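Shown next: model13.pdb, containing PDB, C-alpha atoms.
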ATOM      1  CA  MET B 131     -55.564  43.077  -2.370
ATOM      2  CA  SER B 132     -57.397  46.376  -1.955
ATOM      3  CA  ASP B 133     -56.038  48.442  -4.858
ATOM      4  CA  GLY B 134     -58.359  47.267  -7.581
ATOM      5  CA  ALA B 135     -57.960  43.498  -7.633
ATOM      6  CA  ARG B 136     -58.508  40.667  -5.208
ATOM      7  CA  LEU B 137     -57.866  36.932  -5.067
ATOM      8  CA  GLU B 138     -60.466  34.345  -4.054
ATOM      9  CA  ARG B 139     -60.010  30.608  -3.598
ATOM     10  CA  HIS B 140     -62.537  28.029  -4.726
ATOM     11  CA  GLY B 141     -60.826  24.751  -4.020
ATOM     12  CA  ALA B 142     -58.116  24.262  -6.641
ATOM     13  CA  VAL B 143     -59.416  27.228  -8.667
ATOM     14  CA  ALA B 144     -58.067  30.724  -8.070
ATOM     15  CA  VAL B 145     -60.521  33.486  -8.949
ATOM     16  CA  VAL B 146     -58.910  36.850  -9.685
ATOM     17  CA  VAL B 147     -61.442  39.671  -9.466
ATOM     18  CA  LEU B 148     -60.942  43.127 -10.956
ATOM     19  CA  ASP B 149     -62.501  45.108  -8.130
ATOM     20  CA  ARG B 150     -63.266  48.686  -9.151
ATOM     21  CA  PRO B 151     -66.970  48.424 -10.010
ATOM     22  CA  GLU B 152     -67.488  52.150  -9.471
ATOM     23  CA  ARG B 153     -65.022  52.739 -12.346
ATOM     24  CA  MET B 154     -66.242  49.849 -14.536
ATOM     25  CA  ASN B 155     -63.190  47.894 -13.285
ATOM     26  CA  ALA B 156     -60.937  50.170 -15.337
ATOM     27  CA  LEU B 157     -57.197  49.561 -15.217
ATOM     28  CA  SER B 158     -55.526  52.144 -13.020
ATOM     29  CA  ARG B 159     -51.805  51.919 -12.329
ATOM     30  CA  ALA B 160     -52.556  50.619  -8.831
ATOM     31  CA  ALA B 161     -54.875  47.941 -10.215
ATOM     32  CA  VAL B 162     -52.224  46.779 -12.701
ATOM     33  CA  LEU B 163     -49.672  46.504  -9.873
ATOM     34  CA  ALA B 164     -52.190  44.606  -7.735
ATOM     35  CA  LEU B 165     -52.801  42.149 -10.574
ATOM     36  CA  GLY B 166     -49.062  41.652 -10.930
ATOM     37  CA  ALA B 167     -48.714  40.817  -7.243
ATOM     38  CA  ILE B 168     -51.554  38.306  -7.524
ATOM     39  CA  GLY B 169     -49.941  36.730 -10.585
ATOM     40  CA  ARG B 170     -46.681  36.192  -8.728
ATOM     41  CA  THR B 171     -48.593  34.578  -5.856
ATOM     42  CA  LEU B 172     -50.343  32.188  -8.229
ATOM     43  CA  ALA B 173     -47.169  31.269 -10.102
ATOM     44  CA  ALA B 174     -45.609  30.139  -6.817
ATOM     45  CA  ASP B 175     -48.622  28.124  -5.614
ATOM     46  CA  PRO B 176     -48.629  24.441  -6.676
ATOM     47  CA  ARG B 177     -52.169  23.972  -5.316
ATOM     48  CA  VAL B 178     -53.685  26.063  -8.109
ATOM     49  CA  ARG B 179     -54.984  24.001 -11.038
ATOM     50  CA  ALA B 180     -56.915  26.704 -12.899
ATOM     51  CA  VAL B 181     -57.504  30.457 -12.770
ATOM     52  CA  VAL B 182     -60.642  32.449 -13.517
ATOM     53  CA  LEU B 183     -60.209  36.155 -14.294
ATOM     54  CA  THR B 184     -63.389  38.181 -13.902
ATOM     55  CA  GLY B 185     -64.754  41.561 -12.838
ATOM     56  CA  ALA B 186     -66.756  42.730  -9.848
ATOM     57  CA  GLY B 187     -70.433  43.414 -10.432
ATOM     58  CA  TYR B 188     -72.526  42.797 -13.525
ATOM     59  CA  LYS B 189     -71.795  45.862 -15.682
ATOM     60  CA  ALA B 190     -68.160  45.420 -16.604
ATOM     61  CA  PHE B 191     -65.415  42.867 -16.874
ATOM     62  CA  CYS B 192     -63.030  45.752 -17.528
ATOM     63  CA  ALA B 193     -63.685  48.949 -19.479
ATOM     64  CA  GLY B 194     -59.996  49.306 -20.322
ATOM     65  CA  ALA B 195     -57.624  52.026 -19.201
ATOM     66  CA  ASP B 196     -58.730  54.447 -16.520
ATOM     67  CA  LEU B 197     -59.121  57.498 -18.747
ATOM     68  CA  LYS B 198     -59.473  59.887 -15.813
ATOM     69  CA  GLU B 199     -56.032  58.774 -14.651
ATOM     70  CA  ARG B 200     -54.664  58.957 -18.208
ATOM     71  CA  LEU B 201     -55.654  62.632 -18.396
ATOM     72  CA  THR B 202     -53.145  63.344 -15.615
ATOM     73  CA  LEU B 203     -50.241  61.468 -17.227
ATOM     74  CA  GLN B 204     -47.462  62.762 -19.429
ATOM     75  CA  GLU B 205     -46.448  60.827 -22.564
ATOM     76  CA  ALA B 206     -43.494  59.188 -20.812
ATOM     77  CA  GLU B 207     -45.759  58.054 -17.988
ATOM     78  CA  VAL B 208     -48.199  56.481 -20.433
ATOM     79  CA  LEU B 209     -45.345  54.539 -22.053
ATOM     80  CA  GLU B 210     -44.213  53.425 -18.600
ATOM     81  CA  LEU B 211     -47.734  52.189 -17.912
ATOM     82  CA  LEU B 212     -47.724  50.177 -21.142
ATOM     83  CA  GLN B 213     -44.516  48.519 -19.977
ATOM     84  CA  LEU B 214     -46.240  47.736 -16.679
ATOM     85  CA  TYR B 215     -48.983  45.988 -18.634
ATOM     86  CA  ARG B 216     -46.340  43.654 -19.998
ATOM     87  CA  SER B 217     -44.435  43.080 -16.762
ATOM     88  CA  GLU B 218     -47.439  42.867 -14.429
ATOM     89  CA  LEU B 219     -50.027  41.186 -16.663
ATOM     90  CA  GLY B 220     -47.734  38.881 -18.630
ATOM     91  CA  TRP B 221     -48.499  36.013 -16.243
ATOM     92  CA  ILE B 222     -52.020  35.756 -17.684
ATOM     93  CA  GLY B 223     -50.717  34.070 -20.820
ATOM     94  CA  ALA B 224     -47.730  32.364 -19.233
ATOM     95  CA  LEU B 225     -48.938  30.421 -16.189
ATOM     96  CA  ASP B 226     -48.525  26.652 -16.195
ATOM     97  CA  VAL B 227     -52.256  26.326 -15.504
ATOM     98  CA  PRO B 228     -55.115  27.397 -17.788
ATOM     99  CA  VAL B 229     -56.510  30.894 -17.295
ATOM    100  CA  VAL B 230     -60.135  31.496 -18.252
ATOM    101  CA  ALA B 231     -61.596  34.966 -18.763
ATOM    102  CA  ALA B 232     -65.119  35.069 -17.324
ATOM    103  CA  ILE B 233     -66.416  38.202 -19.015
ATOM    104  CA  ASN B 234     -69.291  39.362 -16.866
ATOM    105  CA  GLY B 235     -70.019  42.603 -18.727
ATOM    106  CA  VAL B 236     -68.320  45.204 -20.912
ATOM    107  CA  ALA B 237     -64.807  44.218 -22.060
ATOM    108  CA  LEU B 238     -63.259  47.123 -23.944
ATOM    109  CA  GLY B 239     -59.725  48.172 -24.841
ATOM    110  CA  GLY B 240     -57.247  46.859 -22.300
ATOM    111  CA  GLY B 241     -60.025  44.824 -20.728
ATOM    112  CA  LEU B 242     -60.541  42.821 -23.902
ATOM    113  CA  GLU B 243     -56.779  42.610 -24.363
ATOM    114  CA  MET B 244     -56.489  40.919 -20.963
ATOM    115  CA  ALA B 245     -59.200  38.476 -21.999
ATOM    116  CA  LEU B 246     -57.345  37.802 -25.261
ATOM    117  CA  ALA B 247     -54.274  36.811 -23.233
ATOM    118  CA  CYS B 248     -56.304  34.135 -21.431
ATOM    119  CA  ASP B 249     -56.426  30.566 -22.686
ATOM    120  CA  LEU B 250     -60.228  30.474 -22.917
ATOM    121  CA  ARG B 251     -63.053  33.015 -22.742
ATOM    122  CA  ILE B 252     -66.677  32.753 -21.649
ATOM    123  CA  ALA B 253     -69.153  35.620 -21.219
ATOM    124  CA  ARG B 254     -72.567  36.572 -19.924
ATOM    125  CA  GLU B 255     -75.033  37.024 -22.739
ATOM    126  CA  THR B 256     -75.151  40.772 -22.008
ATOM    127  CA  ALA B 257     -71.402  41.282 -22.501
ATOM    128  CA  VAL B 258     -70.048  43.679 -25.124
ATOM    129  CA  LEU B 259     -66.532  43.285 -26.512
ATOM    130  CA  GLY B 260     -64.466  45.774 -28.466
ATOM    131  CA  LEU B 261     -61.176  47.557 -29.090
ATOM    132  CA  PRO B 262     -62.178  51.225 -29.533
ATOM    133  CA  GLU B 263     -58.687  52.714 -29.203
ATOM    134  CA  THR B 264     -58.480  54.229 -32.695
ATOM    135  CA  SER B 265     -61.499  56.392 -31.852
ATOM    136  CA  LEU B 266     -59.360  57.823 -29.028
ATOM    137  CA  GLY B 267     -56.395  58.547 -31.296
ATOM    138  CA  ILE B 268     -54.317  55.542 -30.238
ATOM    139  CA  ILE B 269     -54.119  51.818 -30.982
ATOM    140  CA  PRO B 270     -54.465  48.735 -28.791
ATOM    141  CA  GLY B 271     -51.178  48.691 -26.898
ATOM    142  CA  ALA B 272     -51.460  45.614 -24.669
ATOM    143  CA  GLY B 273     -51.305  42.900 -27.295
ATOM    144  CA  GLY B 274     -54.612  43.442 -29.081
ATOM    145  CA  THR B 275     -53.173  43.940 -32.561
ATOM    146  CA  GLN B 276     -51.263  40.664 -32.225
ATOM    147  CA  ARG B 277     -53.592  38.324 -30.353
ATOM    148  CA  LEU B 278     -56.908  39.275 -31.958
ATOM    149  CA  PRO B 279     -55.987  38.328 -35.561
ATOM    150  CA  ARG B 280     -54.527  35.050 -34.316
ATOM    151  CA  LEU B 281     -57.906  34.215 -32.805
ATOM    152  CA  ILE B 282     -60.419  35.481 -35.354
ATOM    153  CA  GLY B 283     -58.427  36.134 -38.518
ATOM    154  CA  GLU B 284     -56.837  39.248 -39.971
ATOM    155  CA  ALA B 285     -59.864  40.727 -41.733
ATOM    156  CA  ARG B 286     -62.204  40.480 -38.764
ATOM    157  CA  ALA B 287     -59.507  41.863 -36.469
ATOM    158  CA  LYS B 288     -58.974  44.828 -38.804
ATOM    159  CA  GLU B 289     -62.708  45.460 -38.835
ATOM    160  CA  MET B 290     -62.902  45.483 -35.032
ATOM    161  CA  ILE B 291     -59.837  47.693 -34.598
ATOM    162  CA  LEU B 292     -60.085  50.094 -37.555
ATOM    163  CA  LEU B 293     -63.848  50.556 -37.338
ATOM    164  CA  GLY B 294     -63.954  50.369 -33.556
ATOM    165  CA  LYS B 295     -66.635  47.725 -33.953
ATOM    166  CA  ARG B 296     -68.187  46.325 -30.789
ATOM    167  CA  LEU B 297     -69.520  42.772 -30.657
ATOM    168  CA  SER B 298     -72.311  41.245 -28.647
ATOM    169  CA  ALA B 299     -71.547  38.026 -26.798
ATOM    170  CA  ALA B 300     -73.479  36.076 -29.442
ATOM    171  CA  GLU B 301     -71.457  37.672 -32.259
ATOM    172  CA  ALA B 302     -68.189  37.022 -30.431
ATOM    173  CA  LEU B 303     -69.169  33.380 -29.935
ATOM    174  CA  SER B 304     -70.005  32.963 -33.627
ATOM    175  CA  ILE B 305     -66.495  33.990 -34.739
ATOM    176  CA  GLY B 306     -64.586  32.031 -32.093
ATOM    177  CA  LEU B 307     -63.663  34.935 -29.854
ATOM    178  CA  LEU B 308     -65.673  33.268 -27.071
ATOM    179  CA  GLN B 309     -66.042  29.592 -26.259
ATOM    180  CA  GLN B 310     -69.305  29.820 -24.324
ATOM    181  CA  VAL B 311     -72.097  32.295 -23.565
ATOM    182  CA  VAL B 312     -73.917  32.079 -20.239
ATOM    183  CA  SER B 313     -77.539  33.088 -19.718
ATOM    184  CA  SER B 314     -78.130  36.078 -17.441
ATOM    185  CA  SER B 315     -80.455  33.886 -15.384
ATOM    186  CA  GLN B 316     -77.510  31.753 -14.261
ATOM    187  CA  ASP B 317     -75.032  32.458 -11.473
ATOM    188  CA  PHE B 318     -72.131  33.512 -13.659
ATOM    189  CA  LEU B 319     -69.268  32.526 -11.361
ATOM    190  CA  LEU B 320     -70.795  29.121 -10.705
ATOM    191  CA  ALA B 321     -71.196  28.679 -14.465
ATOM    192  CA  ALA B 322     -67.526  29.559 -14.969
ATOM    193  CA  LEU B 323     -66.409  27.123 -12.267
ATOM    194  CA  ASP B 324     -68.574  24.414 -13.812
ATOM    195  CA  TYR B 325     -67.143  25.138 -17.274
ATOM    196  CA  ILE B 326     -63.576  24.565 -16.100
ATOM    197  CA  LYS B 327     -64.327  21.568 -13.874
ATOM    198  CA  PRO B 328     -62.638  19.172 -16.351
ATOM    199  CA  ILE B 329     -59.507  21.304 -15.890
ATOM    200  CA  SER B 330     -59.641  21.778 -12.121
ATOM    201  CA  GLU B 331     -60.348  18.075 -11.581
ATOM    202  CA  GLY B 332     -58.012  16.909 -14.340
ATOM    203  CA  ALA B 333     -54.368  15.859 -14.386
ATOM    204  CA  PRO B 334     -52.256  18.947 -13.576
ATOM    205  CA  ILE B 335     -49.087  17.648 -15.225
ATOM    206  CA  ALA B 336     -50.957  16.857 -18.423
ATOM    207  CA  GLN B 337     -52.755  20.207 -18.387
ATOM    208  CA  ALA B 338     -49.452  22.077 -18.038
ATOM    209  CA  ALA B 339     -47.817  19.943 -20.733
ATOM    210  CA  ALA B 340     -50.731  20.506 -23.106
ATOM    211  CA  LEU B 341     -50.468  24.266 -22.577
ATOM    212  CA  ARG B 342     -46.745  24.223 -23.352
ATOM    213  CA  ALA B 343     -47.347  22.240 -26.514
ATOM    214  CA  LEU B 344     -50.235  24.436 -27.640
ATOM    215  CA  ARG B 345     -48.219  27.587 -27.080
ATOM    216  CA  ALA B 346     -45.591  26.174 -29.432
ATOM    217  CA  ALA B 347     -48.152  26.069 -32.249
ATOM    218  CA  GLU B 348     -46.875  29.408 -33.586
ATOM    219  CA  LEU B 349     -43.429  27.908 -34.174
ATOM    220  CA  PRO B 350     -42.465  26.261 -37.455
ATOM    221  CA  LEU B 351     -44.096  22.832 -37.632
ATOM    222  CA  ALA B 352     -40.921  20.820 -36.986
ATOM    223  CA  GLU B 353     -40.168  22.850 -33.854
ATOM    224  CA  GLY B 354     -43.760  22.587 -32.689
ATOM    225  CA  LEU B 355     -43.764  18.807 -33.104
ATOM    226  CA  ALA B 356     -40.519  18.591 -31.124
ATOM    227  CA  ALA B 357     -42.094  20.684 -28.353
ATOM    228  CA  GLU B 358     -45.126  18.399 -28.372
ATOM    229  CA  LEU B 359     -42.967  15.284 -27.984
ATOM    230  CA  SER B 360     -41.004  16.877 -25.153
ATOM    231  CA  ALA B 361     -44.238  17.763 -23.356
ATOM    232  CA  TYR B 362     -45.582  14.238 -23.885
ATOM    233  CA  GLU B 363     -42.473  12.711 -22.330
ATOM    234  CA  VAL B 364     -43.129  14.675 -19.130
ATOM    235  CA  CYS B 365     -46.596  13.114 -18.904
ATOM    236  CA  LEU B 366     -45.229   9.666 -19.671
ATOM    237  CA  LYS B 367     -43.112   9.712 -16.515
ATOM    238  CA  SER B 368     -45.894  10.925 -14.219
ATOM    239  CA  ALA B 369     -47.744   8.983 -11.547
ATOM    240  CA  ASP B 370     -50.935  10.602 -12.857
ATOM    241  CA  ARG B 371     -50.614   8.661 -16.121
ATOM    242  CA  LYS B 372     -50.331   5.377 -14.230
ATOM    243  CA  GLU B 373     -53.288   6.351 -12.073
ATOM    244  CA  ALA B 374     -55.387   7.052 -15.166
ATOM    245  CA  LEU B 375     -54.629   3.604 -16.592
ATOM    246  CA  LEU B 376     -55.363   1.911 -13.267
ATOM    247  CA  ALA B 377     -58.625   3.827 -12.900
ATOM    248  CA  PHE B 378     -59.644   2.757 -16.405
ATOM    249  CA  GLN B 379     -58.926  -0.865 -15.524
ATOM    250  CA  GLU B 380     -60.869  -0.586 -12.263
ATOM    251  CA  LYS B 381     -63.736   1.326 -13.907
ATOM    252  CA  ARG B 382     -63.568   4.307 -11.561
ATOM    253  CA  PRO B 383     -62.784   8.033 -11.892
ATOM    254  CA  PRO B 384     -59.044   8.746 -11.616
ATOM    255  CA  LYS B 385     -57.675  10.681  -8.647
ATOM    256  CA  PHE B 386     -54.958  12.960  -9.980
ATOM    257  CA  GLU B 387     -52.393  14.350  -7.530
ATOM    258  CA  GLY B 388     -50.047  16.167  -9.873
ATOM    259  CA  ARG B 389     -47.187  13.713  -9.433
TER     260      ARG B 389
END

Turn this file's structure into structure tokens for me.
Amino acid sequence: MSDGARLERHGAVAVVVLDRPERMNALSRAAVLALGAIGRTLAADPRVRAVVLTGAGYKAFCAGADLKERLTLQEAEVLELLQLYRSELGWIGALDVPVVAAINGVALGGGLEMALACDLRIARETAVLGLPETSLGIIPGAGGTQRLPRLIGEARAKEMILLGKRLSAAEALSIGLLQQVVSSSQDFLLAALDYIKPISEGAPIAQAAALRALRAAELPLAEGLAAELSAYEVCLKSADRKEALLAFQEKRPPKFEGR
């Protein structure tokens, strides 16, 4: 892809790179469409066991909407773009494999909202996270008002959104918005790949089943427990489960094939 996003392969891990470093990896319409095309490619590829979403360079993961482009858009066009966010970026929170946001720098507005849609989030220690939309006369429109309070609680989410508060990586880690902070002295992509190694080398059927069950956690408890049992039954019938038991008996690492 050459319109603001590209796809790299690192074994079973797909690395999706927001690639507009000269614009702080801001989300132009073309970049959103490019991300959508990549998402459809990944959804159809059974070789992929995990996805890392990151930004090019060291300054920004994604600074949010491309405000220079927004200045040229009419109200109807802005609403159309918000719909594109849902149709073209919805795969981030819907793939059958875990998606990890590797936040290499600033993650603001729509950039943070993309990270919120991921299953897990890690960041360089220099990263800054925030939803500053109210200071621009709007609100987060790509899921921020819904996903943020589910992650960090209603009061903290209100503080970030209503006050436009920006968090350091350390602050974000302390409230559960991040799962890990990586030192600037480390190779960030290698750190991200190492972080998800238990996923990329794990049992794909079990990983997908666990995701389905976890995503049912917002349902009433009885429905969530039913979803969990259904997901467990899929694992029960897999060759991977038998391989895990055999490997335990033989005192060796299991070799999962996703069968």

Please list as a list in words every residue within 9 Å of Val312 of chain B, counting all atoms listed in the file and excluding residues in the same chain fewer than 3 positions away.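 So, after excluding close chain neighbours, the residues are Ile252, Ala253, Arg254, Glu255, Thr256, Ser315, Gln316, Asp317, Phe318, Ala321 and Ala322 of chain B.
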
Write to file, as a PDB file, in the coordinates of the input, the residues of the selection just made, with C-alpha atoms.
ATOM      1  CA  ILE B 252     -66.677  32.753 -21.649  1.00  0.00           C
ATOM      2  CA  ALA B 253     -69.153  35.620 -21.219  1.00  0.00           C
ATOM      3  CA  ARG B 254     -72.567  36.572 -19.924  1.00  0.00           C
ATOM      4  CA  GLU B 255     -75.033  37.024 -22.739  1.00  0.00           C
ATOM      5  CA  THR B 256     -75.151  40.772 -22.008  1.00  0.00           C
ATOM      6  CA  SER B 315     -80.455  33.886 -15.384  1.00  0.00           C
ATOM      7  CA  GLN B 316     -77.510  31.753 -14.261  1.00  0.00           C
ATOM      8  CA  ASP B 317     -75.032  32.458 -11.473  1.00  0.00           C
ATOM      9  CA  PHE B 318     -72.131  33.512 -13.659  1.00  0.00           C
ATOM     10  CA  ALA B 321     -71.196  28.679 -14.465  1.00  0.00           C
ATOM     11  CA  ALA B 322     -67.526  29.559 -14.969  1.00  0.00           C
TER      12      ALA B 322
END

So which residues get picked by the PyMOL selection byres ((chain B and resi 145) around 8) here, written as an mmCIF file with C-alpha atoms, in the frame of the given file?
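Writing the result to result_5.cif gives the following:
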data_model
loop_
_atom_site.group_PDB
_atom_site.id
_atom_site.type_symbol
_atom_site.label_atom_id
_atom_site.label_comp_id
_atom_site.auth_asym_id
_atom_site.auth_seq_id
_atom_site.Cartn_x
_atom_site.Cartn_y
_atom_site.Cartn_z
ATOM 1 C CA LEU B 137 -57.866 36.932 -5.067
ATOM 2 C CA GLU B 138 -60.466 34.345 -4.054
ATOM 3 C CA ARG B 139 -60.010 30.608 -3.598
ATOM 4 C CA HIS B 140 -62.537 28.029 -4.726
ATOM 5 C CA VAL B 143 -59.416 27.228 -8.667
ATOM 6 C CA ALA B 144 -58.067 30.724 -8.070
ATOM 7 C CA VAL B 146 -58.910 36.850 -9.685
ATOM 8 C CA VAL B 147 -61.442 39.671 -9.466
ATOM 9 C CA VAL B 181 -57.504 30.457 -12.770
ATOM 10 C CA VAL B 182 -60.642 32.449 -13.517
ATOM 11 C CA LEU B 183 -60.209 36.155 -14.294
ATOM 12 C CA THR B 184 -63.389 38.181 -13.902
#

Expanded to explicit residues, what is the PyMOL selection byres ((chain B and resi 157-173) around 6) for this file, as JSON, numbers by chain? {"B": [133, 134, 135, 156, 174, 175, 194, 195, 196, 218, 219, 221]}

Would you mind reading off the distance between atom CA of Leu308 of chain B and atom CA of Pro328 of chain B, one decimal, in Å? 18.0 Å

Any idea what the distance is between atom CA of Ala300 of chain B and atom CA of Gly267 of chain B?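 It comes out at 28.3 Å.
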
What separation in Å, quoted to one decimal, exists between atom CA of Leu355 of chain B and atom CA of Gln309 of chain B? 25.7 Å

Rank B:Arg216, B:Arg136, B:Arg382, B:Arg200 by their smallest atom-to-atom distance to Leu266 of chain B, using all atoms listed in the file, and report the top residue only.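 Closest to Leu266 of chain B of all the choices is B:Arg200.
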
Considering only C-alpha atoms, return as number ranges by chain whatever protein or nucleic-acid residues lie within 7 Å of segment 257-260 of chain B, sequence-local ones (same chain, fewer than 3 positions apart) excluded. B: 233-239, 242, 253-254, 290, 294-299

If we count all atoms listed in the file, what is near Asn155 of chain B at a cut-off of 7 Å, once residues fewer than 5 positions away on the same chain are taken out, given as a list in words?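 The residues satisfying every condition are Leu148, Asp149, Arg150, Gly185, Ala190, Phe191, Cys192 and Ala193 of chain B.
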
Selection: 12 Å around segment 336-343 of chain B, all atoms listed in the file, excl. self and same-chain fewer than 5 positions, as a PDB file with C-alpha atoms, in the frame of the given file:
ATOM      1  CA  PRO B 176     -48.629  24.441  -6.676  1.00  0.00           C
ATOM      2  CA  VAL B 178     -53.685  26.063  -8.109  1.00  0.00           C
ATOM      3  CA  ARG B 179     -54.984  24.001 -11.038  1.00  0.00           C
ATOM      4  CA  ALA B 180     -56.915  26.704 -12.899  1.00  0.00           C
ATOM      5  CA  GLY B 223     -50.717  34.070 -20.820  1.00  0.00           C
ATOM      6  CA  ALA B 224     -47.730  32.364 -19.233  1.00  0.00           C
ATOM      7  CA  LEU B 225     -48.938  30.421 -16.189  1.00  0.00           C
ATOM      8  CA  ASP B 226     -48.525  26.652 -16.195  1.00  0.00           C
ATOM      9  CA  VAL B 227     -52.256  26.326 -15.504  1.00  0.00           C
ATOM     10  CA  PRO B 228     -55.115  27.397 -17.788  1.00  0.00           C
ATOM     11  CA  VAL B 229     -56.510  30.894 -17.295  1.00  0.00           C
ATOM     12  CA  CYS B 248     -56.304  34.135 -21.431  1.00  0.00           C
ATOM     13  CA  ASP B 249     -56.426  30.566 -22.686  1.00  0.00           C
ATOM     14  CA  LEU B 250     -60.228  30.474 -22.917  1.00  0.00           C
ATOM     15  CA  ILE B 326     -63.576  24.565 -16.100  1.00  0.00           C
ATOM     16  CA  PRO B 328     -62.638  19.172 -16.351  1.00  0.00           C
ATOM     17  CA  ILE B 329     -59.507  21.304 -15.890  1.00  0.00           C
ATOM     18  CA  SER B 330     -59.641  21.778 -12.121  1.00  0.00           C
ATOM     19  CA  GLU B 331     -60.348  18.075 -11.581  1.00  0.00           C
ATOM     20  CA  GLU B 348     -46.875  29.408 -33.586  1.00  0.00           C
ATOM     21  CA  LEU B 349     -43.429  27.908 -34.174  1.00  0.00           C
ATOM     22  CA  LEU B 351     -44.096  22.832 -37.632  1.00  0.00           C
ATOM     23  CA  GLU B 353     -40.168  22.850 -33.854  1.00  0.00           C
ATOM     24  CA  GLY B 354     -43.760  22.587 -32.689  1.00  0.00           C
ATOM     25  CA  LEU B 355     -43.764  18.807 -33.104  1.00  0.00           C
ATOM     26  CA  ALA B 356     -40.519  18.591 -31.124  1.00  0.00           C
ATOM     27  CA  ALA B 357     -42.094  20.684 -28.353  1.00  0.00           C
ATOM     28  CA  GLU B 358     -45.126  18.399 -28.372  1.00  0.00           C
ATOM     29  CA  LEU B 359     -42.967  15.284 -27.984  1.00  0.00           C
ATOM     30  CA  SER B 360     -41.004  16.877 -25.153  1.00  0.00           C
ATOM     31  CA  ALA B 361     -44.238  17.763 -23.356  1.00  0.00           C
ATOM     32  CA  TYR B 362     -45.582  14.238 -23.885  1.00  0.00           C
ATOM     33  CA  GLU B 363     -42.473  12.711 -22.330  1.00  0.00           C
ATOM     34  CA  VAL B 364     -43.129  14.675 -19.130  1.00  0.00           C
ATOM     35  CA  CYS B 365     -46.596  13.114 -18.904  1.00  0.00           C
ATOM     36  CA  LEU B 366     -45.229   9.666 -19.671  1.00  0.00           C
ATOM     37  CA  LYS B 367     -43.112   9.712 -16.515  1.00  0.00           C
ATOM     38  CA  SER B 368     -45.894  10.925 -14.219  1.00  0.00           C
ATOM     39  CA  ALA B 369     -47.744   8.983 -11.547  1.00  0.00           C
ATOM     40  CA  ASP B 370     -50.935  10.602 -12.857  1.00  0.00           C
ATOM     41  CA  ARG B 371     -50.614   8.661 -16.121  1.00  0.00           C
ATOM     42  CA  ALA B 374     -55.387   7.052 -15.166  1.00  0.00           C
ATOM     43  CA  PHE B 386     -54.958  12.960  -9.980  1.00  0.00           C
ATOM     44  CA  GLU B 387     -52.393  14.350  -7.530  1.00  0.00           C
ATOM     45  CA  GLY B 388     -50.047  16.167  -9.873  1.00  0.00           C
ATOM     46  CA  ARG B 389     -47.187  13.713  -9.433  1.00  0.00           C
TER      47      ARG B 389
END

Could you tell me which of B:Leu261, B:Ala346, B:Leu319, B:Leu203 comes closest to Tyr188 of chain B if we count only C-alpha atoms?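 Checking each candidate against Tyr188 of chain B, we get B:Leu319 as the closest.
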